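S.K.: Below is the file data-v3.pdb, with PDB, C-alpha atoms.
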```
MODEL        1
ATOM      1  CA  SER A  51    -166.373-122.708   3.755
ATOM      2  CA  ILE A  52    -164.950-123.063   7.264
ATOM      3  CA  LEU A  53    -167.241-123.180  10.280
ATOM      4  CA  VAL A  54    -166.049-121.985  13.676
ATOM      5  CA  MET A  55    -167.975-122.246  16.943
ATOM      6  CA  GLN A  56    -166.358-120.149  19.595
ATOM      7  CA  CYS A  57    -167.006-119.635  23.305
ATOM      8  CA  PRO A  58    -164.653-116.936  24.623
ATOM      9  CA  LYS A  59    -162.779-118.087  27.711
ATOM     10  CA  GLU A  60    -163.724-115.009  29.722
ATOM     11  CA  ILE A  61    -167.344-116.156  29.666
ATOM     12  CA  PHE A  62    -166.732-119.202  31.873
ATOM     13  CA  PHE A  63    -163.178-119.205  33.200
ATOM     14  CA  PRO A  64    -162.190-119.778  35.964
ATOM     15  CA  PHE A  65    -165.403-119.965  38.008
ATOM     16  CA  PRO A  66    -168.994-120.665  36.947
ATOM     17  CA  ASN A  67    -171.213-117.602  36.775
ATOM     18  CA  PRO A  68    -174.836-118.409  37.728
ATOM     19  CA  GLN A  69    -176.064-115.810  35.219
ATOM     20  CA  THR A  70    -174.291-117.215  32.164
ATOM     21  CA  SER A  71    -173.182-120.734  33.059
ATOM     22  CA  PRO A  72    -175.063-123.746  31.644
ATOM     23  CA  SER A  73    -174.689-125.345  35.085
ATOM     24  CA  THR A  74    -172.982-124.302  38.321
ATOM     25  CA  GLU A  75    -172.024-127.936  38.947
ATOM     26  CA  TYR A  76    -169.067-127.621  36.604
ATOM     27  CA  ILE A  77    -166.201-125.268  35.896
ATOM     28  CA  TRP A  78    -166.523-124.424  32.217
ATOM     29  CA  TYR A  79    -163.719-123.712  29.798
ATOM     30  CA  GLY A  80    -164.287-121.743  26.623
ATOM     31  CA  THR A  81    -163.580-123.865  23.573
ATOM     32  CA  GLU A  82    -163.309-123.251  19.845
ATOM     33  CA  LEU A  83    -164.440-125.886  17.356
ATOM     34  CA  ASN A  84    -163.181-125.611  13.785
ATOM     35  CA  THR A  85    -164.185-127.653  10.784
ATOM     36  CA  PRO A  86    -161.795-128.414   7.943
ATOM     37  CA  ILE A  87    -162.465-126.465   4.760
ATOM     38  CA  ILE A  88    -165.750-127.715   3.308
ATOM     39  CA  ALA A  89    -165.118-127.762  -0.430
ATOM     40  CA  ASP A  90    -167.426-130.671  -1.218
ATOM     41  CA  CYS A  91    -170.639-129.268  -2.719
ATOM     42  CA  ASP A  92    -172.422-132.563  -2.060
ATOM     43  CA  GLU A  93    -171.654-132.220   1.657
ATOM     44  CA  ILE A  94    -173.370-128.840   1.667
ATOM     45  CA  SER A  95    -176.308-129.741  -0.580
ATOM     46  CA  ASN A  96    -176.976-132.911   1.436
ATOM     47  CA  GLY A  97    -177.283-130.997   4.700
ATOM     48  CA  LEU A  98    -173.772-131.316   6.154
ATOM     49  CA  PRO A  99    -173.997-135.014   7.163
ATOM     50  CA  THR A 100    -170.336-135.231   8.206
ATOM     51  CA  LEU A 101    -170.681-132.200  10.446
ATOM     52  CA  LYS A 102    -173.851-133.653  11.950
ATOM     53  CA  LYS A 103    -172.052-136.913  12.705
ATOM     54  CA  ALA A 104    -169.188-135.055  14.387
ATOM     55  CA  LEU A 105    -171.438-132.854  16.535
ATOM     56  CA  THR A 106    -173.574-135.843  17.527
ATOM     57  CA  SER A 107    -170.452-137.685  18.652
ATOM     58  CA  LEU A 108    -169.394-134.724  20.773
ATOM     59  CA  GLN A 109    -172.805-134.571  22.443
ATOM     60  CA  LYS A 110    -172.668-138.272  23.218
ATOM     61  CA  ASN A 111    -169.216-138.238  24.737
ATOM     62  CA  MET A 112    -168.768-134.836  26.361
ATOM     63  CA  ILE A 113    -170.578-132.469  28.697
ATOM     64  CA  ILE A 114    -171.340-129.441  26.538
ATOM     65  CA  GLY A 115    -173.104-126.170  27.192
ATOM     66  CA  LEU A 116    -173.665-123.039  25.124
ATOM     67  CA  ASN A 117    -174.518-119.554  26.298
ATOM     68  CA  ALA A 118    -174.988-116.072  24.869
ATOM     69  CA  GLY A 119    -171.253-115.565  24.501
ATOM     70  CA  CYS A 120    -170.902-118.425  22.018
ATOM     71  CA  GLY A 121    -170.975-117.622  18.323
ATOM     72  CA  LEU A 122    -170.926-119.354  14.963
ATOM     73  CA  HIS A 123    -168.481-117.862  12.462
ATOM     74  CA  ILE A 124    -168.598-118.833   8.798
ATOM     75  CA  HIS A 125    -165.537-118.196   6.644
ATOM     76  CA  VAL A 126    -166.004-118.106   2.870
ATOM     77  CA  SER A 127    -163.321-117.737   0.222
ATOM     78  CA  ASP A 128    -162.598-118.532  -3.404
ATOM     79  CA  GLY A 129    -160.625-121.728  -2.847
ATOM     80  CA  GLY A 130    -158.352-120.049  -0.315
ATOM     81  CA  ARG A 131    -158.142-116.841  -2.347
ATOM     82  CA  LEU A 132    -159.836-113.484  -1.844
ATOM     83  CA  SER A 133    -159.529-110.566  -4.259
ATOM     84  CA  LEU A 134    -160.014-106.990  -3.114
ATOM     85  CA  GLN A 135    -162.918-106.480  -5.524
ATOM     86  CA  THR A 136    -164.785-109.556  -4.296
ATOM     87  CA  ALA A 137    -164.307-108.468  -0.681
ATOM     88  CA  GLN A 138    -165.486-104.935  -1.457
ATOM     89  CA  ARG A 139    -168.575-106.267  -3.201
ATOM     90  CA  VAL A 140    -169.413-108.606  -0.305
ATOM     91  CA  VAL A 141    -169.175-105.748   2.185
ATOM     92  CA  CYS A 142    -171.380-103.472   0.067
ATOM     93  CA  LEU A 143    -174.010-106.167  -0.322
ATOM     94  CA  VAL A 144    -173.917-106.900   3.412
ATOM     95  CA  LEU A 145    -174.495-103.215   4.145
ATOM     96  CA  VAL A 146    -177.856-103.307   2.366
ATOM     97  CA  LEU A 147    -178.760-106.791   3.637
ATOM     98  CA  GLU A 148    -177.775-106.461   7.271
ATOM     99  CA  ALA A 149    -180.808-104.806   8.870
ATOM    100  CA  SER A 150    -183.424-106.518   6.701
ATOM    101  CA  LEU A 151    -182.032-110.045   6.413
ATOM    102  CA  LEU A 152    -178.833-110.928   8.267
ATOM    103  CA  MET A 153    -179.884-109.576  11.638
ATOM    104  CA  PRO A 154    -183.457-110.997  11.500
ATOM    105  CA  PHE A 155    -181.925-114.413  10.797
ATOM    106  CA  SER A 156    -179.769-114.019  13.915
ATOM    107  CA  HIS A 157    -180.840-114.404  17.519
ATOM    108  CA  PRO A 158    -182.173-111.133  19.040
ATOM    109  CA  TYR A 159    -179.297-111.130  21.529
ATOM    110  CA  ARG A 160    -176.828-111.241  18.654
ATOM    111  CA  GLN A 161    -178.723-108.381  17.012
ATOM    112  CA  LYS A 162    -178.858-106.021  19.958
ATOM    113  CA  GLU A 163    -176.502-106.925  22.801
ATOM    114  CA  SER A 164    -173.605-109.157  21.834
ATOM    115  CA  PRO A 165    -170.243-107.324  21.650
ATOM    116  CA  TYR A 166    -168.955-109.970  19.237
ATOM    117  CA  CYS A 167    -171.228-109.215  16.261
ATOM    118  CA  VAL A 168    -172.133-105.526  16.290
ATOM    119  CA  PRO A 169    -173.667-104.261  13.022
ATOM    120  CA  VAL A 170    -171.322-103.046  10.307
ATOM    121  CA  THR A 171    -173.930-100.457   9.297
ATOM    122  CA  ALA A 172    -173.823 -98.785  12.713
ATOM    123  CA  GLU A 173    -170.568 -99.562  14.512
ATOM    124  CA  SER A 174    -167.829-100.022  11.917
ATOM    125  CA  ARG A 175    -165.258 -97.423  10.938
ATOM    126  CA  ALA A 176    -166.711 -97.621   7.435
ATOM    127  CA  ALA A 177    -170.052 -96.395   8.753
ATOM    128  CA  ARG A 178    -168.815 -93.838  11.255
ATOM    129  CA  ASN A 179    -165.566 -92.435   9.885
ATOM    130  CA  ALA A 180    -166.231 -88.764   9.197
ATOM    131  CA  ASP A 181    -162.807 -88.120   7.643
ATOM    132  CA  GLU A 182    -163.892 -88.847   4.105
ATOM    133  CA  ASN A 183    -162.070 -87.527   1.061
ATOM    134  CA  MET A 184    -164.573 -87.698  -1.781
ATOM    135  CA  ASP A 185    -161.819 -87.021  -4.313
ATOM    136  CA  THR A 186    -159.931 -90.234  -3.604
ATOM    137  CA  ILE A 187    -159.899 -92.606  -6.562
ATOM    138  CA  LEU A 188    -162.297 -95.530  -6.236
ATOM    139  CA  GLU A 189    -160.811 -98.974  -6.815
ATOM    140  CA  ASN A 190    -161.983-101.782  -9.133
ATOM    141  CA  ASP A 191    -165.660-101.482 -10.184
ATOM    142  CA  GLY A 192    -166.324 -98.818  -7.550
ATOM    143  CA  PRO A 193    -167.064 -95.948  -9.990
ATOM    144  CA  LEU A 194    -169.820 -97.908 -11.754
ATOM    145  CA  GLN A 195    -171.376 -99.218  -8.533
ATOM    146  CA  LEU A 196    -171.438 -95.819  -6.822
ATOM    147  CA  VAL A 197    -172.730 -93.892  -9.847
ATOM    148  CA  ASN A 198    -175.634 -96.293 -10.353
ATOM    149  CA  LEU A 199    -176.466 -96.481  -6.641
ATOM    150  CA  ILE A 200    -176.367 -92.710  -6.175
ATOM    151  CA  ASP A 201    -178.634 -92.244  -9.209
ATOM    152  CA  LEU A 202    -181.115 -94.694  -7.690
ATOM    153  CA  TYR A 203    -180.826 -93.025  -4.282
ATOM    154  CA  LYS A 204    -181.723 -89.645  -5.766
ATOM    155  CA  LYS A 205    -184.761 -91.106  -7.542
ATOM    156  CA  LEU A 206    -186.070 -92.845  -4.424
ATOM    157  CA  ILE A 207    -185.824 -89.733  -2.241
ATOM    158  CA  ASP A 208    -188.796 -88.176  -4.056
ATOM    159  CA  ASP A 209    -190.720 -91.433  -4.471
ATOM    160  CA  GLU A 210    -193.605 -91.689  -1.996
ATOM    161  CA  LYS A 211    -193.461 -95.492  -2.239
ATOM    162  CA  HIS A 212    -190.001 -95.484  -0.684
ATOM    163  CA  HIS A 213    -188.527 -94.216   2.550
ATOM    164  CA  VAL A 214    -184.899 -93.124   2.293
ATOM    165  CA  ASP A 215    -183.422 -91.887   5.569
ATOM    166  CA  GLY A 216    -180.088 -91.206   7.220
ATOM    167  CA  LEU A 217    -179.269 -94.904   7.492
ATOM    168  CA  HIS A 218    -179.513 -95.358   3.735
ATOM    169  CA  ARG A 219    -177.562 -92.176   3.062
ATOM    170  CA  ASN A 220    -174.879 -93.474   5.384
ATOM    171  CA  MET A 221    -174.812 -96.793   3.500
ATOM    172  CA  VAL A 222    -173.896 -94.972   0.299
ATOM    173  CA  SER A 223    -171.166 -93.008   2.084
ATOM    174  CA  ALA A 224    -169.815 -96.207   3.630
ATOM    175  CA  MET A 225    -169.680 -97.869   0.213
ATOM    176  CA  HIS A 226    -167.666 -94.928  -1.053
ATOM    177  CA  ARG A 227    -165.124 -95.513   1.735
ATOM    178  CA  ILE A 228    -165.092 -99.238   1.013
ATOM    179  CA  TYR A 229    -164.172 -98.725  -2.630
ATOM    180  CA  GLN A 230    -161.461 -96.239  -1.647
ATOM    181  CA  GLN A 231    -159.445 -98.990   0.038
ATOM    182  CA  ARG A 232    -156.405-100.196  -1.872
ATOM    183  CA  SER A 233    -155.714-103.475  -0.076
ATOM    184  CA  LEU A 234    -157.440-106.200   1.902
ATOM    185  CA  LYS A 235    -155.552-105.011   4.979
ATOM    186  CA  ASP A 236    -156.985-101.508   4.583
ATOM    187  CA  LEU A 237    -160.479-102.941   4.130
ATOM    188  CA  GLU A 238    -160.048-105.209   7.142
ATOM    189  CA  GLU A 239    -159.199-102.182   9.298
ATOM    190  CA  LEU A 240    -162.166-100.219   7.936
ATOM    191  CA  LEU A 241    -164.541-102.989   9.037
ATOM    192  CA  ARG A 242    -163.370-102.928  12.651
ATOM    193  CA  LYS A 243    -165.347-101.253  15.402
ATOM    194  CA  PHE A 244    -165.237 -97.487  15.478
ATOM    195  CA  ASP A 245    -165.097 -97.689  19.271
ATOM    196  CA  SER A 246    -164.547-101.013  21.059
ATOM    197  CA  GLY A 247    -165.596 -99.521  24.414
ATOM    198  CA  VAL A 248    -164.125 -99.514  27.892
ATOM    199  CA  VAL A 249    -164.238-103.301  28.307
ATOM    200  CA  ARG A 250    -162.428-104.768  25.327
ATOM    201  CA  THR A 251    -164.073-107.895  23.944
ATOM    202  CA  SER A 252    -163.399-107.856  20.237
ATOM    203  CA  THR A 253    -162.604-105.107  17.778
ATOM    204  CA  ARG A 254    -164.443-106.961  15.014
ATOM    205  CA  CYS A 255    -167.952-106.295  13.810
ATOM    206  CA  ALA A 256    -170.417-108.906  12.547
ATOM    207  CA  LEU A 257    -168.582-109.046   9.209
ATOM    208  CA  ALA A 258    -164.810-109.223   9.024
ATOM    209  CA  ILE A 259    -161.944-109.880   6.652
ATOM    210  CA  SER A 260    -159.964-112.781   8.081
ATOM    211  CA  ARG A 261    -156.216-113.307   8.014
ATOM    212  CA  HIS A 262    -157.043-116.604   6.298
ATOM    213  CA  LEU A 263    -158.041-114.625   3.165
ATOM    214  CA  SER A 264    -161.715-115.215   3.747
ATOM    215  CA  VAL A 265    -164.805-113.180   4.494
ATOM    216  CA  GLU A 266    -166.036-114.010   7.990
ATOM    217  CA  PHE A 267    -169.760-113.910   8.789
ATOM    218  CA  ARG A 268    -170.090-113.660  12.593
ATOM    219  CA  TYR A 269    -173.851-113.080  12.890
ATOM    220  CA  PRO A 270    -175.403-116.351  14.186
ATOM    221  CA  ALA A 271    -175.226-117.762  17.688
ATOM    222  CA  ALA A 272    -173.417-121.058  18.224
ATOM    223  CA  THR A 273    -175.620-124.098  17.856
ATOM    224  CA  PHE A 274    -175.464-127.843  17.278
ATOM    225  CA  ASP A 275    -178.576-127.615  15.089
ATOM    226  CA  VAL A 276    -177.095-128.591  11.728
ATOM    227  CA  ASP A 277    -180.110-127.374   9.735
ATOM    228  CA  TYR A 278    -179.691-123.838  11.098
ATOM    229  CA  ILE A 279    -175.955-124.005  10.431
ATOM    230  CA  GLY A 280    -176.721-125.188   6.906
ATOM    231  CA  LEU A 281    -179.045-122.259   6.258
ATOM    232  CA  TRP A 282    -176.313-119.822   7.236
ATOM    233  CA  VAL A 283    -173.797-121.667   5.074
ATOM    234  CA  HIS A 284    -176.134-121.324   2.086
ATOM    235  CA  LEU A 285    -176.732-117.640   2.800
ATOM    236  CA  SER A 286    -173.043-116.786   3.303
ATOM    237  CA  ARG A 287    -171.913-118.719   0.228
ATOM    238  CA  HIS A 288    -174.677-117.172  -1.867
ATOM    239  CA  VAL A 289    -173.724-113.609  -0.931
ATOM    240  CA  PHE A 290    -170.077-114.404  -1.618
ATOM    241  CA  GLY A 291    -170.968-116.084  -4.907
ATOM    242  CA  LEU A 292    -172.871-113.035  -6.137
ATOM    243  CA  ALA A 293    -169.871-110.854  -5.377
ATOM    244  CA  LEU A 294    -167.412-113.253  -6.980
ATOM    245  CA  ALA A 295    -169.097-114.328 -10.196
ATOM    246  CA  ALA A 296    -171.220-111.385 -11.349
ATOM    247  CA  THR A 297    -170.048-108.984 -14.021
ATOM    248  CA  ASP A 298    -169.837-105.323 -13.042
ATOM    249  CA  VAL A 299    -173.255-104.627 -14.564
ATOM    250  CA  GLU A 300    -174.830-107.757 -13.047
ATOM    251  CA  PHE A 301    -173.573-106.905  -9.584
ATOM    252  CA  SER A 302    -174.857-103.359  -9.925
ATOM    253  CA  GLU A 303    -178.303-104.733 -10.775
ATOM    254  CA  VAL A 304    -178.254-106.934  -7.650
ATOM    255  CA  LEU A 305    -176.983-104.173  -5.364
ATOM    256  CA  CYS A 306    -179.456-101.589  -6.646
ATOM    257  CA  GLY A 307    -182.258-104.149  -6.666
ATOM    258  CA  VAL A 308    -181.752-104.965  -2.990
ATOM    259  CA  PHE A 309    -181.421-101.264  -2.113
ATOM    260  CA  GLU A 310    -184.768-100.607  -3.807
ATOM    261  CA  VAL A 311    -186.421-103.408  -1.822
ATOM    262  CA  VAL A 312    -185.080-102.409   1.607
ATOM    263  CA  THR A 313    -186.226 -98.793   1.143
ATOM    264  CA  ARG A 314    -189.827 -99.650   0.246
ATOM    265  CA  ARG A 315    -192.728 -98.160   2.143
ATOM    266  CA  PRO A 316    -194.235 -99.986   3.990
ATOM    267  CA  ARG A 317    -191.072-101.807   4.949
ATOM    268  CA  ALA A 318    -190.525-105.031   3.022
ATOM    269  CA  GLY A 319    -190.205-108.229   5.048
ATOM    270  CA  TRP A 320    -187.212-110.542   4.934
ATOM    271  CA  GLU A 321    -189.007-112.758   2.414
ATOM    272  CA  ALA A 322    -188.838-109.980  -0.200
ATOM    273  CA  VAL A 323    -185.135-109.485   0.470
ATOM    274  CA  VAL A 324    -184.465-113.220   0.104
ATOM    275  CA  LYS A 325    -186.214-113.117  -3.260
ATOM    276  CA  ALA A 326    -184.231-110.054  -4.334
ATOM    277  CA  ILE A 327    -180.930-111.921  -3.970
ATOM    278  CA  GLY A 328    -182.260-115.098  -5.591
ATOM    279  CA  LEU A 329    -182.194-117.313  -2.508
ATOM    280  CA  ASP A 330    -185.932-117.970  -2.407
ATOM    281  CA  TRP A 331    -185.401-121.598  -3.447
ATOM    282  CA  ILE A 332    -184.928-122.301   0.275
ATOM    283  CA  GLU A 333    -188.324-122.956   1.831
ATOM    284  CA  ARG A 334    -189.624-120.018   3.832
ATOM    285  CA  GLU A 335    -190.681-122.347   6.651
ATOM    286  CA  ARG A 336    -187.096-123.346   7.378
ATOM    287  CA  TRP A 337    -186.102-119.781   8.228
ATOM    288  CA  ALA A 338    -189.411-118.942   9.892
ATOM    289  CA  LYS A 339    -189.022-121.902  12.254
ATOM    290  CA  TYR A 340    -185.919-120.408  13.847
ATOM    291  CA  ILE A 341    -187.182-116.834  13.902
ATOM    292  CA  ASP A 342    -190.188-118.157  15.843
ATOM    293  CA  GLN A 343    -187.958-120.131  18.235
ATOM    294  CA  PHE A 344    -185.873-117.034  18.965
ATOM    295  CA  GLU A 345    -188.958-115.325  20.339
ATOM    296  CA  LYS A 346    -190.185-118.323  22.315
ATOM    297  CA  CYS A 347    -188.394-121.430  23.552
ATOM    298  CA  ALA A 348    -184.874-120.243  22.611
ATOM    299  CA  LYS A 349    -185.320-116.655  23.731
ATOM    300  CA  ASP A 350    -182.637-116.664  26.453
ATOM    301  CA  LEU A 351    -179.318-118.066  25.234
ATOM    302  CA  ASN A 352    -178.051-118.220  28.828
ATOM    303  CA  LYS A 353    -180.813-120.658  29.795
ATOM    304  CA  GLN A 354    -179.978-123.490  27.398
ATOM    305  CA  GLY A 355    -178.414-125.624  30.116
ATOM    306  CA  ILE A 356    -176.327-128.689  29.404
ATOM    307  CA  MET A 357    -176.967-130.061  25.939
ATOM    308  CA  PRO A 358    -178.735-133.432  26.028
ATOM    309  CA  ALA A 359    -176.752-136.436  24.820
ATOM    310  CA  ARG A 360    -177.891-137.752  21.451
TER
ENDMDL
END
```
Mind turning the file's structure into structure tokens?

M.R.:
Amino acid sequence: SILVMQCPKEIFFPFPNPQTSPSTEYIWYGTELNTPIIADCDEISNGLPTLKKALTSLQKNMIIGLNAGCGLHIHVSDGGRLSLQTAQRVVCLVLVLEASLLMPFSHPYRQKESPYCVPVTAESRAARNADENMDTILENDGPLQLVNLIDLYKKLIDDEKHHVDGLHRNMVSAMHRIYQQRSLKDLEELLRKFDSGVVRTSTRCALAISRHLSVEFRYPAATFDVDYIGLWVHLSRHVFGLALAATDVEFSEVLCGVFEVVTRRPRAGWEAVVKAIGLDWIERERWAKYIDQFEKCAKDLNKQGIMPAR
């Protein structure tokens, strides 16, 4: 895993903006912090102690501020490698997890307003490209995954205990496009924004294929809270691990299982989705703590001010 905290330079440079600046007493410069590749499982399982030490040192010795434009990006790969099938599986799983799990675990601003992490399910070319040739050959395990998912979709339509709407229909269509791609480059382009708007910020959605041969999770806001970072590392690595290690049949069971959960009526909470992907060994309270903070003391990311020295 590689962790990146990024504050785009246009947020602060060259003059402080009272609406977004941590303090108008300083001229702020956008900065990107990158960790080395974290391949040590003990580092991750022990709560990222090295990262905590580094971030604490920065807080002690520098004047640091974060605002709504700052994001945390988590890159995950298979030891510097990324196969097309693994990438396709990750994207498909993210499509069914995004609204029910990934976005709720992100700050509301990142969910609804940030131009740097728009939802793949709504804004990507995969979700909105109408030029779909259904006769194109599906790559890798695509035929099995789509056949099983479509069969489930048809069953759930007439099931009163489930609510299947246009969003879910669009997910299935997007997965078809995903498995049509013949290279990582093609898939990377398919995940970009359908329309980046008049003011160009980034053409990437909340999930991207990186030039470093990694899958990039761009959902969370930047933070120096190592426990929150650790939770996202666990979640990102777990999703990637399911896509990498599962057999075709096993992955189909996971994908269909999550799809069944997110279409339940009444709508299942994020706890049920966490259980569906087998990540419920992480205490519920750890996630709930941050979801609660997002609605209360950490509601406005532009009001964090200068970070206190540790």

S.K.: What do you get, as a PyMOL selection string, if you spell out every residue that the PyMOL selection byres ((chain A and resi 293) around 12) selects here?

M.R.: chain A and resi 126-128+132-144+191+265+286-292+294-305+327

S.K.: Write out as a PyMOL selection string each polymer residue whose atoms come within 10 Å of Ile94 of chain A, counting all atoms listed in the file; drop sequence neighbours fewer than 4 positions from it.

M.R.: chain A and resi 51+88-90+98-101+280-281+283-284

S.K.: Hey, which bits of segment 112-230 of chain A sit within 7 Å of segment 333-351 of chain A, and for each residue what's the closest pair of atoms and how far apart in Å (one decimal), counting all atoms listed in the file, rows by chain and increasing number, as JSON lines?

M.R.:
```
{"residue": "A:Asn117", "atom": "CA", "partner": "A:Leu351", "partner_atom": "CA", "distance": 5.1}
{"residue": "A:Ala118", "atom": "CA", "partner": "A:Leu351", "partner_atom": "CA", "distance": 4.8}
{"residue": "A:Phe155", "atom": "CA", "partner": "A:Ile341", "partner_atom": "CA", "distance": 6.6}
{"residue": "A:His157", "atom": "CA", "partner": "A:Phe344", "partner_atom": "CA", "distance": 5.9}
{"residue": "A:Pro158", "atom": "CA", "partner": "A:Phe344", "partner_atom": "CA", "distance": 7.0}
```

S.K.: Could you list the residues chosen by the PyMOL selection byres ((chain A and resi 326) around 12) in this structure as a ChimeraX atom specification?

M.R.: /A:143,146-147,150-151,289,292,303-312,318-325,327-331

S.K.: Which residues are close to segment 196-208 of chain A, i.e. within 8 Å by all atoms listed in the file, leaving aside same-chain residues fewer than 2 positions away? Reply as a list in words.

M.R.: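 Residues meeting the cut-off are Gly192, Pro193, Leu194, Glu210, His212, His213, Val214, Val222, Met225, His226, Ser302, Leu305, Cys306 and Glu310 of chain A.
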
S.K.: Tell me, in Å to one decimal, how far atom CA of Ala224 of chain A is from atom CA of Gly119 of chain A.

M.R.: 28.5 Å

S.K.: Nearest to Ala149 of chain A: which of A:Lys110, A:Arg317, A:His125, A:His262 is it, counting only C-alpha atoms?

M.R.: A:Arg317

S.K.: Where atoms are missing, can you supply all heavy atoms for segment 187-193 of chain A and output the lot as an mmCIF file, in the coordinates of the input?

M.R.:
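rebuild.cif, written as the output of this step:
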```cif
data_model
loop_
_atom_site.group_PDB
_atom_site.id
_atom_site.type_symbol
_atom_site.label_atom_id
_atom_site.label_comp_id
_atom_site.auth_asym_id
_atom_site.auth_seq_id
_atom_site.Cartn_x
_atom_site.Cartn_y
_atom_site.Cartn_z
ATOM 1 N N ILE A 187 -159.529 -91.705 -5.461
ATOM 2 C CA ILE A 187 -159.899 -92.606 -6.562
ATOM 3 C C ILE A 187 -160.536 -93.877 -6.011
ATOM 4 O O ILE A 187 -160.041 -94.481 -5.048
ATOM 5 C CB ILE A 187 -158.651 -92.960 -7.397
ATOM 6 C CG1 ILE A 187 -158.105 -91.699 -8.084
ATOM 7 C CG2 ILE A 187 -158.985 -94.019 -8.445
ATOM 8 C CD1 ILE A 187 -156.813 -91.919 -8.817
ATOM 9 N N LEU A 188 -161.629 -94.300 -6.628
ATOM 10 C CA LEU A 188 -162.297 -95.530 -6.236
ATOM 11 C C LEU A 188 -161.666 -96.703 -6.971
ATOM 12 O O LEU A 188 -161.350 -96.612 -8.161
ATOM 13 C CB LEU A 188 -163.791 -95.463 -6.552
ATOM 14 C CG LEU A 188 -164.569 -94.324 -5.883
ATOM 15 C CD1 LEU A 188 -166.032 -94.379 -6.297
ATOM 16 C CD2 LEU A 188 -164.435 -94.387 -4.378
ATOM 17 N N GLU A 189 -161.479 -97.810 -6.259
ATOM 18 C CA GLU A 189 -160.811 -98.974 -6.815
ATOM 19 C C GLU A 189 -161.802 -99.900 -7.528
ATOM 20 O O GLU A 189 -163.000 -99.910 -7.251
ATOM 21 C CB GLU A 189 -160.094 -99.755 -5.699
ATOM 22 C CG GLU A 189 -159.017 -98.951 -4.968
ATOM 23 C CD GLU A 189 -157.850 -98.600 -5.862
ATOM 24 O OE1 GLU A 189 -157.448 -99.444 -6.692
ATOM 25 O OE2 GLU A 189 -157.330 -97.471 -5.740
ATOM 26 N N ASN A 190 -161.252 -100.700 -8.462
ATOM 27 C CA ASN A 190 -161.983 -101.782 -9.133
ATOM 28 C C ASN A 190 -163.263 -101.269 -9.807
ATOM 29 O O ASN A 190 -163.226 -100.286 -10.529
ATOM 30 C CB ASN A 190 -162.245 -102.921 -8.152
ATOM 31 C CG ASN A 190 -160.949 -103.520 -7.635
ATOM 32 O OD1 ASN A 190 -160.070 -103.873 -8.425
ATOM 33 N ND2 ASN A 190 -160.797 -103.623 -6.327
ATOM 34 N N ASP A 191 -164.416 -101.916 -9.532
ATOM 35 C CA ASP A 191 -165.660 -101.482 -10.184
ATOM 36 C C ASP A 191 -166.397 -100.428 -9.363
ATOM 37 O O ASP A 191 -167.573 -100.154 -9.608
ATOM 38 C CB ASP A 191 -166.569 -102.690 -10.445
ATOM 39 C CG ASP A 191 -166.995 -103.392 -9.158
ATOM 40 O OD1 ASP A 191 -166.268 -103.278 -8.153
ATOM 41 O OD2 ASP A 191 -168.034 -104.073 -9.160
ATOM 42 N N GLY A 192 -165.706 -99.813 -8.415
ATOM 43 C CA GLY A 192 -166.324 -98.818 -7.550
ATOM 44 C C GLY A 192 -167.019 -97.677 -8.267
ATOM 45 O O GLY A 192 -168.147 -97.304 -7.910
ATOM 46 N N PRO A 193 -166.386 -97.064 -9.305
ATOM 47 C CA PRO A 193 -167.064 -95.948 -9.990
ATOM 48 C C PRO A 193 -168.433 -96.330 -10.544
ATOM 49 O O PRO A 193 -169.409 -95.595 -10.362
ATOM 50 C CB PRO A 193 -166.074 -95.604 -11.110
ATOM 51 C CG PRO A 193 -164.739 -95.998 -10.563
ATOM 52 C CD PRO A 193 -164.998 -97.244 -9.767
#
```
